[in-house]
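All remarks here apply to the structure that follows.
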Amino acid sequence: MSKRILSCILVLILVIGSATVAFAGNVPPAQQANYPGGASVQYVSVSSAKVGLSIVGSSADANLRVVPKATKNIDRVVINVTLSRKGNATAIKTWDATLYPDSIGEYMWTNSCKLSVKGTYRLNATIKCYAGRTLVETISESSADVKY
């Protein structure tokens, strides 16, 4: 009887103490939006979505680039971009636009505005991808903080 109990205890220890291995598929870099620390976001219809901000003199130059996946049939992208100053919840400037693919199938947008107050600025964008009348995906992206 004691050999059976000892055998059961040993089996339980082996089962509980054994390591479980999990496998994840490799994702090509073109399908990742990389962030500091190695985290990445997977999109359904987009390979990458980037929002950029640069300040030259007193001009804030904003840009956005969306690269769709080749297998998705996105025909337009609707964007809402806001420029805000750190510590101020009110948007300094807001842009709304509907973008159509350029000659290589990417969606590009640029705009600028004059800044009157020194501070740290950031762009926040909401990107909605459509295939016909169907909303395929909504993406939120932000630029890095830029000082003026």
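Every chain in the structure tokens takes a letter, A first, then B, and so on in the order presented; its residues are numbered from 1, and the ligands are numbered from 1 following the presented order.
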
Applying 12 Å and only C-alpha atoms, which residues near Thr134 (chain A) remain after dropping the ones on its own chain fewer than 2 positions away? List them as a ChimeraX atom specification.
/A:73-77,128-132,136-138

Identify, with DSSP run on backbone atoms, the residues in chain A assigned to alpha helix (DSSP H), and express the list as JSON, numbers by chain. {"A": [2, 3, 4, 5, 6, 7, 8, 9, 10, 11, 12, 13, 14, 15, 16, 17]}

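If you look at CA of Val51 (chain A) and CA of Glu106 (chain A), they are 13.8 Å away from each other.
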
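Look at Asp61 (chain A): the protein and nucleic acid residues within 7 Å of it, using only C-alpha atoms and passing over chain neighbours fewer than 6 places away, are Leu53, Ser54, Ile55, Asn111, Ser112 and Cys113 of chain A.
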
inquiry  = Neighbouring residues of Leu64 (chain A) were defined as those with any atom within 12 Å, considering only C-alpha atoms; residues of the same chain fewer than 5 positions away were excluded. Please report them as an MDAnalysis selection string.
reply    = chainID A and resid 48:54 77:82 95 97 99 106:112 123:127 140:143

Output of the above residues as a compact mmCIF listing (two decimals), in the first residue's frame, restricted to N, CA and C atoms:
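Final output, selection-v3.txt:
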# COMPACT_ATOMS: atom_id res chain seq x y z
N SER A 48 1.60 48.56 -41.60
CA SER A 48 2.12 49.55 -40.66
C SER A 48 1.32 50.83 -40.74
N ALA A 49 1.27 51.53 -39.61
CA ALA A 49 0.63 52.84 -39.52
C ALA A 49 1.54 53.71 -38.66
N LYS A 50 2.07 54.76 -39.25
CA LYS A 50 3.03 55.63 -38.56
C LYS A 50 2.53 57.06 -38.56
N VAL A 51 2.68 57.72 -37.41
CA VAL A 51 2.34 59.12 -37.25
C VAL A 51 3.60 59.85 -36.84
N GLY A 52 3.92 60.95 -37.53
CA GLY A 52 5.15 61.68 -37.23
C GLY A 52 4.89 63.16 -37.00
N LEU A 53 5.72 63.76 -36.15
CA LEU A 53 5.64 65.19 -35.86
C LEU A 53 7.04 65.75 -35.81
N SER A 54 7.26 66.86 -36.51
CA SER A 54 8.52 67.58 -36.40
C SER A 54 8.19 69.06 -36.25
N VAL A 77 -9.01 55.40 -46.48
CA VAL A 77 -8.67 55.51 -45.07
C VAL A 77 -9.19 56.87 -44.60
N VAL A 78 -9.95 56.87 -43.53
CA VAL A 78 -10.47 58.11 -42.95
C VAL A 78 -9.69 58.38 -41.67
N ILE A 79 -9.11 59.59 -41.58
CA ILE A 79 -8.27 59.90 -40.43
C ILE A 79 -8.81 61.10 -39.66
N ASN A 80 -8.54 61.08 -38.36
CA ASN A 80 -8.76 62.22 -37.47
C ASN A 80 -7.45 62.38 -36.71
N VAL A 81 -6.78 63.52 -36.90
CA VAL A 81 -5.48 63.77 -36.28
C VAL A 81 -5.59 65.01 -35.40
N THR A 82 -5.12 64.90 -34.16
CA THR A 82 -5.13 66.05 -33.26
C THR A 82 -3.72 66.34 -32.77
N TRP A 95 -7.36 67.84 -37.53
CA TRP A 95 -7.53 67.66 -38.97
C TRP A 95 -8.36 66.40 -39.20
N ALA A 97 -9.56 63.97 -42.61
CA ALA A 97 -9.33 63.78 -44.04
C ALA A 97 -9.70 62.36 -44.47
N LEU A 99 -8.38 59.65 -47.16
CA LEU A 99 -7.21 59.39 -48.00
C LEU A 99 -7.50 58.24 -48.96
N GLU A 106 -0.06 53.13 -51.05
CA GLU A 106 0.03 53.61 -49.67
C GLU A 106 -0.85 54.83 -49.48
N TYR A 107 -1.16 55.11 -48.24
CA TYR A 107 -1.99 56.25 -47.89
C TYR A 107 -1.11 57.25 -47.13
N MET A 108 -0.95 58.46 -47.69
CA MET A 108 -0.05 59.46 -47.12
C MET A 108 -0.84 60.74 -46.84
N TRP A 109 -0.43 61.43 -45.74
CA TRP A 109 -1.05 62.70 -45.39
C TRP A 109 0.00 63.58 -44.73
N THR A 110 -0.01 64.86 -45.06
CA THR A 110 0.86 65.83 -44.40
C THR A 110 0.08 67.13 -44.22
N ASN A 111 0.43 67.85 -43.16
CA ASN A 111 -0.16 69.15 -42.90
C ASN A 111 0.71 69.86 -41.88
N SER A 112 0.44 71.13 -41.65
CA SER A 112 1.23 71.88 -40.67
C SER A 112 0.38 72.98 -40.06
N LEU A 123 1.14 64.26 -31.59
CA LEU A 123 0.02 63.99 -32.48
C LEU A 123 -0.67 62.70 -32.06
N ASN A 124 -1.99 62.69 -32.07
CA ASN A 124 -2.78 61.48 -31.85
C ASN A 124 -3.67 61.30 -33.07
N ALA A 125 -3.70 60.09 -33.59
CA ALA A 125 -4.48 59.84 -34.81
C ALA A 125 -5.40 58.64 -34.62
N THR A 126 -6.60 58.79 -35.15
CA THR A 126 -7.53 57.67 -35.29
C THR A 126 -7.65 57.39 -36.78
N ILE A 127 -7.35 56.15 -37.15
CA ILE A 127 -7.30 55.74 -38.55
C ILE A 127 -8.37 54.67 -38.77
N SER A 140 -5.54 53.32 -33.52
CA SER A 140 -5.13 54.54 -32.81
C SER A 140 -3.62 54.55 -32.73
N GLU A 141 -3.02 55.65 -33.17
CA GLU A 141 -1.56 55.79 -33.15
C GLU A 141 -1.20 57.18 -32.63
N SER A 142 0.01 57.30 -32.07
CA SER A 142 0.51 58.57 -31.58
C SER A 142 1.95 58.76 -32.04
N SER A 143 2.33 60.02 -32.18
CA SER A 143 3.73 60.33 -32.49
C SER A 143 4.53 60.37 -31.20

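When only C-alpha atoms are used to compute distances to Val46 (chain A), the closest of the residues A:Ala89, A:Asn63, A:Lys118, A:Gly105 turns out to be A:Gly105.
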
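Note that CA of Asp96 (chain A) and CA of Asp145 (chain A) are 21.1 Å apart.
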
*Running DSSP on the backbone, which parts of chain A land in strand (DSSP E), as a ChimeraX atom specification?*
/A:33-34,40-41,46-56,59-68,76-85,91-99,107-114,120-131,134-142,146-147
